[in-house]
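*Asks:* work.txt is reproduced in full below (compact mmCIF, C-alpha atoms).
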# COMPACT_ATOMS: atom_id res chain seq x y z
CA MET V 1109 0.00 0.00 0.00
CA LEU V 1110 1.17 3.51 -0.81
CA SER V 1111 2.31 5.82 1.94
CA LYS V 1112 0.55 9.14 2.30
CA ARG V 1113 3.55 11.05 0.97
CA LEU V 1114 3.94 8.82 -2.09
CA TRP V 1115 0.19 8.95 -2.76
CA LYS V 1116 0.26 12.76 -2.72
CA LEU V 1117 3.24 12.70 -5.07
CA ILE V 1118 1.33 10.47 -7.49
CA GLN V 1119 -1.68 12.78 -7.30
CA LEU V 1120 0.60 15.71 -8.10
CA SER V 1121 2.13 13.90 -11.07
CA ARG V 1122 -1.33 13.59 -12.63
CA LYS V 1123 -1.69 17.36 -12.87
CA ILE V 1124 -1.30 18.72 -16.39
CA TRP V 1125 0.91 21.61 -15.28
CA VAL V 1126 3.48 19.24 -13.76
CA ARG V 1127 4.30 17.46 -17.00
CA THR V 1128 4.19 20.74 -18.91
CA THR V 1129 6.57 22.39 -16.44
CA LEU V 1130 9.04 19.49 -16.57
CA ILE V 1131 9.27 19.53 -20.35
CA ALA V 1132 9.55 23.32 -20.35
CA LEU V 1133 12.44 23.02 -17.89
CA LEU V 1134 14.12 20.52 -20.22
CA ALA V 1135 13.86 23.11 -22.99
CA VAL V 1136 15.52 25.71 -20.74
CA VAL V 1137 18.29 23.26 -19.80
CA ALA V 1138 18.92 22.44 -23.47
CA VAL V 1139 19.27 26.11 -24.36
CA ALA V 1140 21.50 26.80 -21.36
CA ALA V 1141 23.75 23.80 -22.04
CA SER V 1142 24.30 24.66 -25.71
CA SER V 1143 27.00 27.22 -24.99
CA PHE V 1144 28.99 24.69 -22.93
CA LEU V 1145 28.54 21.84 -25.43
CA GLY V 1146 29.59 24.12 -28.27
CA ARG V 1147 33.20 23.87 -27.08
CA PHE V 1148 33.37 20.31 -28.37
CA ILE V 1149 32.20 21.13 -31.90
CA PRO V 1150 34.93 21.11 -34.60
CA ASP V 1151 35.49 24.32 -36.53
CA GLU V 1152 34.60 22.81 -39.94
CA ILE V 1153 31.13 21.80 -38.70
CA ALA V 1154 30.62 25.20 -37.06
CA ASP V 1155 31.44 26.94 -40.37
CA ARG V 1156 28.90 24.80 -42.24
CA LEU V 1157 26.03 25.02 -39.69
CA GLY V 1158 26.19 28.60 -38.54
CA VAL V 1159 23.61 30.99 -37.20
CA GLU V 1160 22.00 31.44 -40.65
CA ALA V 1161 21.12 27.73 -40.76
CA VAL V 1162 19.27 27.58 -37.45
CA LEU V 1163 17.57 31.00 -37.08
CA PRO V 1164 14.90 30.46 -39.80
CA VAL V 1165 13.89 27.15 -38.25
CA LEU V 1166 13.68 28.68 -34.77
CA ASN V 1167 11.52 31.49 -36.15
CA VAL V 1168 9.11 28.98 -37.64
CA LEU V 1169 8.93 27.02 -34.37
CA ALA V 1170 8.40 30.09 -32.23
CA SER V 1171 5.67 31.50 -34.46
CA SER V 1172 3.78 28.25 -35.03
CA MET V 1173 3.98 26.45 -31.69
CA LEU V 1174 2.17 29.16 -29.72
CA ALA V 1175 -0.76 28.96 -32.13
CA VAL V 1176 -0.71 25.15 -31.91
CA VAL V 1177 -0.75 25.25 -28.10
CA THR V 1178 -3.66 27.70 -28.05
CA PHE V 1179 -5.64 25.65 -30.57
CA SER V 1180 -4.93 22.38 -28.73
CA LEU V 1181 -6.06 23.86 -25.42
CA SER V 1182 -9.36 25.00 -26.94
CA VAL V 1183 -9.91 21.54 -28.45
CA MET V 1184 -9.12 19.89 -25.11
CA VAL V 1185 -11.55 22.10 -23.21
CA SER V 1186 -14.31 21.52 -25.78
CA SER V 1187 -13.77 17.75 -25.65
CA PHE V 1188 -13.85 17.69 -21.86
CA GLN V 1189 -17.04 19.74 -21.80
CA ALA V 1190 -18.64 17.40 -24.32
CA ALA V 1191 -17.70 14.38 -22.22
CA SER V 1192 -19.07 16.04 -19.06
CA SER V 1193 -22.40 16.80 -20.71
CA GLN V 1194 -22.81 13.55 -22.65
CA VAL V 1195 -21.30 11.01 -20.27
CA THR V 1196 -21.11 12.26 -16.67
CA PRO V 1197 -19.56 15.32 -14.98
CA ARG V 1198 -17.40 12.98 -12.90
CA ALA V 1199 -15.64 11.82 -16.09
CA HIS V 1200 -14.02 15.25 -16.30
CA ARG V 1201 -11.72 14.37 -13.39
CA LEU V 1202 -10.48 11.30 -15.23
CA LEU V 1203 -9.97 13.12 -18.52
CA LEU V 1204 -7.82 15.72 -16.79
CA GLU V 1205 -5.38 12.91 -15.98
CA ASP V 1206 -5.14 11.74 -19.60
CA THR V 1207 -1.41 11.24 -20.15
CA THR V 1208 -1.57 11.51 -23.95
CA THR V 1209 -3.17 14.94 -23.83
CA GLN V 1210 -0.75 16.12 -21.17
CA THR V 1211 2.33 14.89 -23.06
CA VAL V 1212 1.23 16.40 -26.37
CA LEU V 1213 0.48 19.81 -24.87
CA ALA V 1214 3.71 19.74 -22.89
CA THR V 1215 5.68 18.94 -26.06
CA PHE V 1216 4.12 21.82 -27.97
CA LEU V 1217 4.75 24.28 -25.15
CA GLY V 1218 8.29 23.00 -24.59
CA ALA V 1219 9.07 23.48 -28.31
CA PHE V 1220 7.78 27.05 -28.15
CA ILE V 1221 9.83 27.89 -25.05
CA PHE V 1222 12.95 26.32 -26.54
CA ALA V 1223 12.65 28.27 -29.79
CA LEU V 1224 11.82 31.55 -28.06
CA LEU V 1225 14.72 31.34 -25.59
CA ALA V 1226 17.18 30.35 -28.31
CA LEU V 1227 16.12 33.30 -30.45
CA VAL V 1228 16.48 35.72 -27.55
CA LEU V 1229 19.97 34.47 -26.70
CA PHE V 1230 21.04 34.55 -30.35
CA ARG V 1231 19.88 38.14 -30.70
CA ALA V 1232 21.59 39.08 -27.44
CA GLY V 1233 24.90 37.71 -28.72
CA PHE V 1234 25.32 34.91 -26.18
CA TYR V 1235 25.82 32.25 -28.83
CA GLY V 1236 28.72 31.97 -31.24
CA GLY V 1237 29.15 29.74 -34.25
CA HIS V 1238 29.98 26.61 -32.26
CA ALA V 1239 26.95 26.89 -29.97
CA SER V 1240 24.68 27.33 -32.98
CA VAL V 1241 25.57 23.78 -34.08
CA VAL V 1242 24.35 22.40 -30.77
CA ILE V 1243 21.18 24.50 -31.02
CA PHE V 1244 20.68 23.14 -34.54
CA ALA V 1245 20.95 19.56 -33.26
CA PHE V 1246 18.50 20.26 -30.46
CA THR V 1247 16.15 21.92 -32.96
CA VAL V 1248 16.13 18.82 -35.16
CA LEU V 1249 15.31 16.73 -32.09
CA VAL V 1250 12.53 19.12 -31.09
CA ILE V 1251 11.04 19.01 -34.60
CA ALA V 1252 11.01 15.21 -34.49
CA LEU V 1253 9.25 15.28 -31.09
CA VAL V 1254 6.71 17.79 -32.40
CA VAL V 1255 5.94 15.65 -35.47
CA ILE V 1256 5.42 12.57 -33.28
CA ALA V 1257 3.23 14.59 -30.92
CA ILE V 1258 1.11 15.88 -33.80
CA LEU V 1259 0.58 12.36 -35.12
CA ARG V 1260 -0.43 11.16 -31.63
CA TRP V 1261 -2.68 14.18 -31.22
CA ILE V 1262 -4.48 13.54 -34.52
CA ALA V 1263 -5.14 9.92 -33.57
CA HIS V 1264 -6.20 10.91 -30.05
CA LEU V 1265 -8.53 13.72 -31.15
CA SER V 1266 -10.60 11.27 -33.18
CA ARG V 1267 -11.65 9.65 -29.89
CA LEU V 1268 -11.16 12.31 -27.20
CA GLY V 1269 -14.41 13.19 -25.46
CA SER V 1270 -16.48 10.57 -27.29
CA MET V 1271 -18.86 8.32 -25.41
CA ASP V 1272 -17.02 5.11 -26.31
CA GLU V 1273 -13.56 6.44 -25.43
CA THR V 1274 -14.66 7.99 -22.15
CA MET V 1275 -16.48 4.86 -21.05
CA GLN V 1276 -13.46 2.74 -21.93
CA MET V 1277 -11.23 5.03 -19.88
CA LEU V 1278 -13.65 4.72 -16.97
CA GLU V 1279 -13.75 0.93 -17.25
CA ASP V 1280 -9.96 0.66 -17.44
CA ARG V 1281 -9.56 2.83 -14.35
CA VAL V 1282 -12.19 0.91 -12.39
CA ARG V 1283 -10.60 -2.37 -13.47
CA ARG V 1284 -7.33 -1.39 -11.79
CA THR V 1285 -9.17 -0.26 -8.67
CA MET V 1286 -11.20 -3.48 -8.49
CA GLU V 1287 -8.11 -5.64 -8.94
CA ASN V 1288 -6.31 -3.81 -6.12
CA HIS V 1289 -9.39 -4.07 -3.92
CA ARG V 1290 -9.60 -7.83 -4.41
CA LYS V 1291 -5.89 -8.32 -3.75
CA TRP V 1292 -5.88 -6.10 -0.66
CA PRO V 1293 -9.47 -5.89 0.63
CA GLY V 1294 -8.19 -4.47 3.93
CA LEU V 1295 -5.63 -2.15 2.31
CA GLY V 1296 -2.94 -4.58 3.40
CA ALA V 1297 -4.43 -5.12 6.87
CA LYS V 1298 -6.84 -7.70 8.24
CA CYS V 1299 -10.56 -7.14 7.66
CA TYR V 1300 -13.43 -7.17 10.09
CA GLU V 1301 -17.13 -7.26 9.25
CA ASP V 1302 -19.33 -4.22 9.75
CA GLY V 1303 -21.44 -6.18 12.25
CA ASP V 1304 -18.51 -7.49 14.25
CA LYS V 1305 -18.33 -6.35 17.84
CA ILE V 1306 -15.57 -3.93 18.70
CA PRO V 1307 -13.76 -5.08 21.89
CA THR V 1308 -15.25 -3.78 25.11
CA GLY V 1309 -13.44 -0.70 26.33
CA ALA V 1310 -12.18 0.31 22.88
CA VAL V 1311 -11.68 4.07 22.60
CA PRO V 1312 -13.23 5.90 19.60
CA ILE V 1313 -11.06 8.25 17.53
CA PRO V 1314 -13.12 11.30 16.47
CA ALA V 1315 -12.41 13.01 13.17
CA GLU V 1316 -11.25 16.62 13.34
CA GLU V 1317 -12.66 17.44 9.91
CA GLY V 1318 -15.39 16.14 7.63
CA GLY V 1319 -15.20 14.88 4.09
CA TYR V 1320 -14.88 11.83 1.90
CA VAL V 1321 -12.08 9.45 2.77
CA ARG V 1322 -9.70 9.43 -0.19
CA HIS V 1323 -6.66 7.61 1.18
CA ILE V 1324 -5.48 5.82 4.32
CA ASP V 1325 -1.80 5.30 5.09
CA VAL V 1326 -2.14 1.90 6.75
CA ALA V 1327 1.61 1.26 6.72
CA ALA V 1328 2.26 4.32 8.90
CA LEU V 1329 -0.43 3.16 11.33
CA GLN V 1330 1.15 -0.28 11.56
CA THR V 1331 4.47 1.27 12.50
CA ARG V 1332 2.91 3.43 15.18
CA ALA V 1333 0.80 0.54 16.52
CA GLU V 1334 3.92 -1.62 16.86
CA GLU V 1335 5.70 1.17 18.71
CA GLU V 1336 2.80 1.64 21.14
CA ASP V 1337 1.90 -2.08 21.28
CA CYS V 1338 -1.78 -1.53 20.53
CA ARG V 1339 -4.40 -2.49 17.96
CA ILE V 1340 -6.46 -0.22 15.74
CA TRP V 1341 -9.89 -0.86 14.20
CA LEU V 1342 -10.55 1.48 11.26
CA ARG V 1343 -14.25 2.06 10.71
CA ALA V 1344 -14.07 4.71 7.97
CA ILE V 1345 -12.82 3.30 4.66
CA PRO V 1346 -12.13 5.04 1.31
CA GLY V 1347 -15.36 6.36 -0.18
CA ASP V 1348 -17.10 6.87 3.17
CA TRP V 1349 -18.34 10.30 4.14
CA VAL V 1350 -17.11 11.14 7.63
CA GLY V 1351 -18.67 13.97 9.58
CA GLU V 1352 -16.76 16.11 12.02
CA ASN V 1353 -16.30 14.33 15.37
CA GLU V 1354 -17.54 11.06 13.87
CA ALA V 1355 -15.47 8.02 14.79
CA LEU V 1356 -12.73 7.14 12.31
CA GLY V 1357 -11.93 3.98 14.24
CA TYR V 1358 -11.18 2.56 17.64
CA LEU V 1359 -8.14 1.83 19.81
CA ASP V 1360 -7.94 -1.04 22.26
CA ARG V 1361 -6.64 1.44 24.84
CA ALA V 1362 -6.45 5.21 25.14
CA SER V 1363 -3.37 6.71 23.50
CA GLU V 1364 -3.42 10.26 22.20
CA PRO V 1365 -0.25 9.86 20.06
CA VAL V 1366 -1.80 6.87 18.28
CA ALA V 1367 -5.12 8.73 17.87
CA ASP V 1368 -3.23 11.64 16.29
CA ALA V 1369 -1.43 9.18 14.01
CA VAL V 1370 -4.78 7.76 12.89
CA ARG V 1371 -6.07 11.24 12.03
CA GLU V 1372 -2.84 12.00 10.21
CA ALA V 1373 -3.11 8.79 8.16
CA TYR V 1374 -6.45 9.84 6.67
CA VAL V 1375 -6.79 12.12 3.64
CA PHE V 1376 -10.16 13.86 3.31
CA SER V 1377 -11.68 15.76 0.42
CA PRO V 1378 -15.09 17.06 -0.64
CA LEU V 1379 -14.63 14.92 -3.77
CA ARG V 1380 -14.21 11.17 -4.14
CA ASN V 1381 -11.56 9.57 -6.34
CA PHE V 1382 -10.90 6.18 -7.91
CA ASP V 1383 -7.68 5.08 -6.22
CA GLN V 1384 -8.85 3.11 -3.17
CA ASP V 1385 -12.61 3.41 -3.72
CA PRO V 1386 -14.12 0.78 -6.06
CA ARG V 1387 -17.63 1.94 -5.16
CA PHE V 1388 -16.98 5.34 -6.71
CA GLY V 1389 -15.82 3.84 -9.99
CA LEU V 1390 -18.94 1.68 -10.28
CA PHE V 1391 -21.09 4.66 -9.32
CA VAL V 1392 -19.59 6.84 -12.06
CA ILE V 1393 -20.14 4.17 -14.71
CA ALA V 1394 -23.73 3.75 -13.47
CA GLU V 1395 -24.18 7.52 -13.84
CA VAL V 1396 -23.60 7.13 -17.57
CA ALA V 1397 -26.64 4.86 -17.74
CA GLU V 1398 -28.60 7.25 -15.51
CA ARG V 1399 -28.04 10.14 -17.90
CA ALA V 1400 -28.93 7.94 -20.87
CA LEU V 1401 -32.19 6.88 -19.19
CA SER V 1402 -33.33 10.45 -18.51
CA PRO V 1403 -36.48 11.49 -20.45
CA GLY V 1404 -34.58 14.19 -22.31
CA ILE V 1405 -32.07 11.71 -23.75
CA ASN V 1406 -33.95 8.38 -23.76
CA ASP V 1407 -31.01 6.21 -24.83
CA PRO V 1408 -31.54 2.65 -23.56
CA GLY V 1409 -28.72 1.37 -25.77
CA THR V 1410 -26.13 3.18 -23.68
CA ALA V 1411 -27.68 1.86 -20.48
CA ILE V 1412 -27.46 -1.69 -21.85
CA GLU V 1413 -23.80 -1.13 -22.75
CA VAL V 1414 -23.15 0.08 -19.21
CA LEU V 1415 -24.75 -3.09 -17.84
CA ALA V 1416 -22.45 -5.19 -20.01
CA ARG V 1417 -19.37 -3.34 -18.76
CA MET V 1418 -20.54 -3.56 -15.18
CA GLU V 1419 -21.18 -7.29 -15.42
CA ARG V 1420 -17.77 -7.84 -16.96
CA LEU V 1421 -16.04 -5.95 -14.15
CA LEU V 1422 -17.88 -7.71 -11.33
CA THR V 1423 -17.50 -11.14 -12.93
CA ARG V 1424 -13.83 -10.80 -13.79
CA TYR V 1425 -12.96 -9.46 -10.35
CA SER V 1426 -15.27 -11.52 -8.21
CA PRO V 1427 -13.78 -12.70 -4.89
CA ASP V 1428 -13.48 -16.28 -6.10
CA LYS V 1429 -11.36 -15.32 -9.13
CA VAL V 1430 -8.79 -12.98 -7.57
CA THR V 1431 -6.75 -14.37 -4.70
CA ALA V 1432 -6.32 -11.93 -1.83
CA GLU V 1433 -2.77 -11.28 -0.67
CA GLU V 1434 -1.80 -12.26 2.85
CA PRO V 1435 -2.31 -9.24 5.16
CA GLY V 1436 0.98 -7.65 6.14
CA TYR V 1437 -0.26 -5.30 8.86
CA ASP V 1438 -1.37 -7.51 11.74
CA GLN V 1439 -1.96 -4.69 14.25
CA ILE V 1440 -4.61 -3.02 12.08
CA ARG V 1441 -8.20 -4.08 11.35
CA VAL V 1442 -10.08 -2.42 8.49
CA ARG V 1443 -13.83 -2.63 7.95
CA ARG V 1444 -14.49 -4.86 4.97
CA LEU V 1445 -16.43 -3.49 2.03
CA SER V 1446 -19.42 -5.77 1.48
CA GLU V 1447 -20.40 -7.21 -1.89
CA ALA V 1448 -23.88 -5.75 -1.37
CA ASP V 1449 -22.37 -2.26 -1.41
CA LEU V 1450 -20.69 -2.93 -4.74
CA ILE V 1451 -23.85 -4.39 -6.27
CA ASP V 1452 -25.87 -1.47 -4.95
CA GLU V 1453 -23.54 1.15 -6.44
CA ALA V 1454 -23.47 -0.67 -9.77
CA PHE V 1455 -27.13 -1.50 -10.37
CA THR V 1456 -29.64 0.13 -8.01
CA MET V 1457 -29.99 3.41 -9.90
CA ILE V 1458 -30.41 1.58 -13.20
CA ALA V 1459 -32.96 -0.80 -11.66
CA ARG V 1460 -35.01 2.14 -10.38
CA ASP V 1461 -34.90 4.49 -13.37
CA GLY V 1462 -34.78 1.84 -16.08
CA ALA V 1463 -37.76 -0.09 -14.73
CA GLY V 1464 -40.07 1.39 -17.36
CA MET V 1465 -37.93 0.12 -20.25
CA VAL V 1466 -38.31 -3.60 -20.74
CA GLU V 1467 -35.10 -3.92 -22.74
CA VAL V 1468 -33.11 -2.40 -19.87
CA SER V 1469 -34.93 -4.31 -17.11
CA SER V 1470 -34.60 -7.67 -18.82
CA ARG V 1471 -30.92 -7.06 -19.55
CA LEU V 1472 -30.37 -6.06 -15.92
CA LEU V 1473 -32.06 -9.20 -14.63
CA GLY V 1474 -29.95 -11.28 -17.00
CA SER V 1475 -26.76 -9.69 -15.64
CA LEU V 1476 -27.84 -10.25 -12.06
CA ARG V 1477 -28.79 -13.83 -12.85
CA ARG V 1478 -25.32 -14.58 -14.20
CA LEU V 1479 -23.66 -12.88 -11.23
CA ALA V 1480 -25.83 -14.94 -8.87
CA ARG V 1481 -24.49 -18.11 -10.46
CA GLY V 1482 -20.99 -17.26 -9.28
CA ARG V 1483 -19.21 -19.31 -6.66
CA ASP V 1484 -18.91 -16.51 -4.14
CA PRO V 1485 -21.95 -16.83 -1.84
CA GLU V 1486 -21.98 -13.20 -0.70
CA LEU V 1487 -21.86 -11.77 -4.23
CA SER V 1488 -24.51 -14.28 -5.32
CA ALA V 1489 -26.82 -13.33 -2.45
CA ALA V 1490 -26.37 -9.60 -3.15
CA ALA V 1491 -27.23 -10.10 -6.83
CA ARG V 1492 -30.35 -12.04 -5.88
CA GLU V 1493 -31.50 -9.36 -3.45
CA LEU V 1494 -31.15 -6.63 -6.04
CA ALA V 1495 -32.89 -8.81 -8.62
CA LYS V 1496 -35.92 -8.88 -6.29
CA TYR V 1497 -36.00 -5.12 -6.24
CA ALA V 1498 -35.43 -4.80 -10.01
CA LEU V 1499 -38.17 -7.28 -10.83
CA ALA V 1500 -40.69 -5.65 -8.49
CA ALA V 1501 -39.91 -2.17 -9.84
CA ALA V 1502 -40.24 -3.32 -13.45
CA GLU V 1503 -43.55 -5.12 -12.83
CA VAL V 1504 -44.98 -1.92 -11.40
CA ALA V 1505 -43.66 0.28 -14.22
CA LEU V 1506 -44.60 -2.01 -17.14
CA ASP V 1507 -48.28 -2.36 -18.01
CA ARG V 1508 -48.18 -4.05 -21.43
CA GLU V 1509 -48.63 -7.81 -21.55
CA HIS V 1510 -45.93 -8.22 -24.18
CA ASP V 1511 -43.39 -6.35 -22.05
CA LEU V 1512 -44.28 -8.40 -18.98
CA LYS V 1513 -43.80 -11.65 -20.89
CA ARG V 1514 -40.40 -10.48 -22.05
CA LEU V 1515 -39.50 -9.49 -18.52
CA HIS V 1516 -40.60 -12.82 -17.08
CA ALA V 1517 -38.62 -14.65 -19.77
CA ALA V 1518 -35.46 -13.09 -18.33
CA VAL V 1519 -36.03 -14.91 -15.03
CA GLU V 1520 -37.79 -18.00 -16.28
CA GLY V 1521 -36.41 -21.11 -14.62
CA TRP V 1522 -34.42 -19.10 -12.10
CA GLY V 1523 -34.92 -20.49 -8.62
CA GLY V 1524 -36.65 -18.30 -6.09
CA PHE V 1525 -34.47 -15.42 -4.96
CA GLY V 1526 -32.71 -16.42 -1.76
CA ARG V 1527 -34.25 -19.94 -1.67
CA GLU V 1528 -32.09 -22.96 -1.08
CA GLU V 1529 -33.47 -25.03 -3.96
CA GLU V 1530 -32.40 -23.63 -7.31
CA LYS V 1531 -34.82 -25.90 -9.15
CA GLU V 1532 -37.88 -24.48 -7.46
CA PRO V 1533 -39.79 -22.44 -10.07
CA MET V 1534 -40.10 -18.76 -9.44
CA VAL V 1535 -43.66 -17.45 -9.13
CA ILE V 1536 -44.22 -14.25 -11.08
CA ARG V 1537 -47.27 -12.15 -10.34
CA LYS V 1538 -48.16 -8.87 -11.93
CA ALA V 1539 -48.43 -6.05 -9.41
Go through the file and emit its structure as structure tokens.
*Replies:*
Amino acid sequence: MLSKRLWKLIQLSRKIWVRTTLIALLAVVAVAASSFLGRFIPDEIADRLGVEAVLPVLNVLASSMLAVVTFSLSVMVSSFQAASSQVTPRAHRLLLEDTTTQTVLATFLGAFIFALLALVLFRAGFYGGHASVVIFAFTVLVIALVVIAILRWIAHLSRLGSMDETMQMLEDRVRRTMENHRKWPGLGAKCYEDGDKIPTGAVPIPAEEGGYVRHIDVAALQTRAEEEDCRIWLRAIPGDWVGENEALGYLDRASEPVADAVREAYVFSPLRNFDQDPRFGLFVIAEVAERALSPGINDPGTAIEVLARMERLLTRYSPDKVTAEEPGYDQIRVRRLSEADLIDEAFTMIARDGAGMVEVSSRLLGSLRRLARGRDPELSAAARELAKYALAAAEVALDREHDLKRLHAAVEGWGGFGREEEKEPMVIRKA
């Protein structure tokens, strides 16, 4: 598990200005180092590639790259706005971390800064004939990088902001989060169930601020717990909203230094993120279906595609298919995220608002039926419980006999929800 400091560093690296600044600094270093490297250039090469050979190219770069950066920024903003309005506003946070867009914009800006600085230093007389050869070599390299960036940008623009591309980015991000969650369900510590009894005499640790839990540095807590010889039960997990003075967890004995360490290990924010919170990823994908099911859009096809992606994620990363790693932090207990919570985030909104569309309801029941066939009993039970709700909601919303027959066909032969005998026929009654 990542430490708090490393996690913050990773969050910082996802900012677009970080990559842009680093490449701009490389441009400055290249310009500054040219005078020194020019000492190693032979005189015959310096006479052939003088100032007259490099200045026209630098002028073209300086004049064109600023326009390219401005145009690319406007395209990026338009694409992000389109994705926010067509897919979900939460997708905007993911698009801002798109590495291709960041690298391309950083390359364009770095080329502009390199050309501008080189021109200024040439005009100021800092460069002689030998340094101009080095600048020429760097210019050729910059042109090659710009051409590659333009080709990547053209290919990327054909998909940027589209429904398919944004949903694929969401699914890929949630896939990584789900895999990490299955491998380390307790963030590297041991899990305890929400209904488990906390030891008598355990001391609650109140939160000093409210917000969504974004990250927990469990490794730091393990170190402190070993030093103080105590155990910690963490109640608030990533994705939970914690109010001020609400209990973050419990200690087996009072210890203010350990309580402070617990508060320090938590990172709060008014916004959720994908890193340690699989519920949020499933919720954002479900929001795509929600928007598609709204009366103003009325796009059941997108909702059905969302159901397919959701089923694939939950099936591929079911508890019986991904082996959990052995917990490494034995002094810490973390509340386990239930399978019912995952199923609820993934399907409840669609079951409620798609109940009036038979194609969505029948597809949802089919997905839940396949999930209920899985070998994990908790995931199977959660899928069955939601199927009860989805079926009841659809029977109330649908009033055409043909639609009801189609709905019932989706559950025909499926044993009664929650019953022991799978062969027992399910009784369907119209509400």
*Asks:* Quick one: distance from atom CA of V:Val1350 to atom CA of V:Ala1315 in Å, one decimal?
*Replies:*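 Here the two named atoms are 7.5 Å from each other.
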*Asks:* Smallest atom-to-atom distance to V:Phe1376: which of V:Leu1278, V:Ala1344, V:Ala1480, V:Ala1491, using all atoms listed in the file?
*Replies:*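 Closest to V:Phe1376, using all atoms listed in the file: V:Ala1344.
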*Asks:* Can you check which parts of stretch 1479-1517 of chain V lie within 9 Å of stretch 1454-1466 of chain V? Per residue, the shortest pair of atoms and distance in Å to one decimal, counting all atoms listed in the file, sorted by chain and number, as JSON lines.
*Replies:*
{"residue": "V:Leu1494", "atom": "CA", "partner": "V:Thr1456", "partner_atom": "CA", "distance": 7.2}
{"residue": "V:Ala1495", "atom": "CA", "partner": "V:Ala1459", "partner_atom": "CA", "distance": 8.6}
{"residue": "V:Tyr1497", "atom": "CA", "partner": "V:Ala1459", "partner_atom": "CA", "distance": 7.6}
{"residue": "V:Ala1498", "atom": "CA", "partner": "V:Ala1459", "partner_atom": "CA", "distance": 5.0}
{"residue": "V:Leu1499", "atom": "CA", "partner": "V:Ala1463", "partner_atom": "CA", "distance": 8.2}
{"residue": "V:Ala1500", "atom": "CA", "partner": "V:Ala1463", "partner_atom": "CA", "distance": 8.9}
{"residue": "V:Ala1501", "atom": "CA", "partner": "V:Ala1463", "partner_atom": "CA", "distance": 5.7}
{"residue": "V:Ala1502", "atom": "CA", "partner": "V:Ala1463", "partner_atom": "CA", "distance": 4.3}
{"residue": "V:Glu1503", "atom": "CA", "partner": "V:Ala1463", "partner_atom": "CA", "distance": 7.9}
{"residue": "V:Val1504", "atom": "CA", "partner": "V:Ala1463", "partner_atom": "CA", "distance": 8.2}
{"residue": "V:Ala1505", "atom": "CA", "partner": "V:Gly1464", "partner_atom": "CA", "distance": 4.9}
{"residue": "V:Leu1506", "atom": "CA", "partner": "V:Gly1464", "partner_atom": "CA", "distance": 5.7}
{"residue": "V:Asp1511", "atom": "CA", "partner": "V:Val1466", "partner_atom": "CA", "distance": 5.9}
{"residue": "V:Leu1512", "atom": "CA", "partner": "V:Val1466", "partner_atom": "CA", "distance": 7.9}
{"residue": "V:Arg1514", "atom": "CA", "partner": "V:Val1466", "partner_atom": "CA", "distance": 7.3}
{"residue": "V:Leu1515", "atom": "CA", "partner": "V:Val1466", "partner_atom": "CA", "distance": 6.4}
*Asks:* Within 12 Å of (22.0, 35.2, -31.8), in the coordinates the file gives, what residues turn up when you count only C-alpha atoms, written out as a PDB file with C-alpha atoms, in the coordinates of the input?
*Replies:*
ATOM      1  CA  SER V1143      27.000  27.220 -24.990  1.00  0.00           C
ATOM      2  CA  GLY V1158      26.190  28.600 -38.540  1.00  0.00           C
ATOM      3  CA  VAL V1159      23.610  30.990 -37.200  1.00  0.00           C
ATOM      4  CA  GLU V1160      22.000  31.440 -40.650  1.00  0.00           C
ATOM      5  CA  ALA V1161      21.120  27.730 -40.760  1.00  0.00           C
ATOM      6  CA  VAL V1162      19.270  27.580 -37.450  1.00  0.00           C
ATOM      7  CA  LEU V1163      17.570  31.000 -37.080  1.00  0.00           C
ATOM      8  CA  PRO V1164      14.900  30.460 -39.800  1.00  0.00           C
ATOM      9  CA  LEU V1166      13.680  28.680 -34.770  1.00  0.00           C
ATOM     10  CA  ASN V1167      11.520  31.490 -36.150  1.00  0.00           C
ATOM     11  CA  ALA V1223      12.650  28.270 -29.790  1.00  0.00           C
ATOM     12  CA  LEU V1224      11.820  31.550 -28.060  1.00  0.00           C
ATOM     13  CA  LEU V1225      14.720  31.340 -25.590  1.00  0.00           C
ATOM     14  CA  ALA V1226      17.180  30.350 -28.310  1.00  0.00           C
ATOM     15  CA  LEU V1227      16.120  33.300 -30.450  1.00  0.00           C
ATOM     16  CA  VAL V1228      16.480  35.720 -27.550  1.00  0.00           C
ATOM     17  CA  LEU V1229      19.970  34.470 -26.700  1.00  0.00           C
ATOM     18  CA  PHE V1230      21.040  34.550 -30.350  1.00  0.00           C
ATOM     19  CA  ARG V1231      19.880  38.140 -30.700  1.00  0.00           C
ATOM     20  CA  ALA V1232      21.590  39.080 -27.440  1.00  0.00           C
ATOM     21  CA  GLY V1233      24.900  37.710 -28.720  1.00  0.00           C
ATOM     22  CA  PHE V1234      25.320  34.910 -26.180  1.00  0.00           C
ATOM     23  CA  TYR V1235      25.820  32.250 -28.830  1.00  0.00           C
ATOM     24  CA  GLY V1236      28.720  31.970 -31.240  1.00  0.00           C
ATOM     25  CA  GLY V1237      29.150  29.740 -34.250  1.00  0.00           C
ATOM     26  CA  HIS V1238      29.980  26.610 -32.260  1.00  0.00           C
ATOM     27  CA  ALA V1239      26.950  26.890 -29.970  1.00  0.00           C
ATOM     28  CA  SER V1240      24.680  27.330 -32.980  1.00  0.00           C
ATOM     29  CA  ILE V1243      21.180  24.500 -31.020  1.00  0.00           C
TER      30      ILE V1243
END
*Asks:* Could you give me, as a PyMOL selection string, the residues within 7 Å of V:Lys1298, counting only C-alpha atoms and dropping anything in the same chain fewer than 4 positions from it?
*Replies:* chain V and resi 1294+1435+1438+1440-1442
*Asks:* Please dump the current selection as a compact mmCIF listing (two decimals), in the frame of the given file; keep C-alpha atoms.
*Replies:*
# COMPACT_ATOMS: atom_id res chain seq x y z
CA GLY V 1294 -8.19 -4.47 3.93
CA PRO V 1435 -2.31 -9.24 5.16
CA ASP V 1438 -1.37 -7.51 11.74
CA ILE V 1440 -4.61 -3.02 12.08
CA ARG V 1441 -8.20 -4.08 11.35
CA VAL V 1442 -10.08 -2.42 8.49
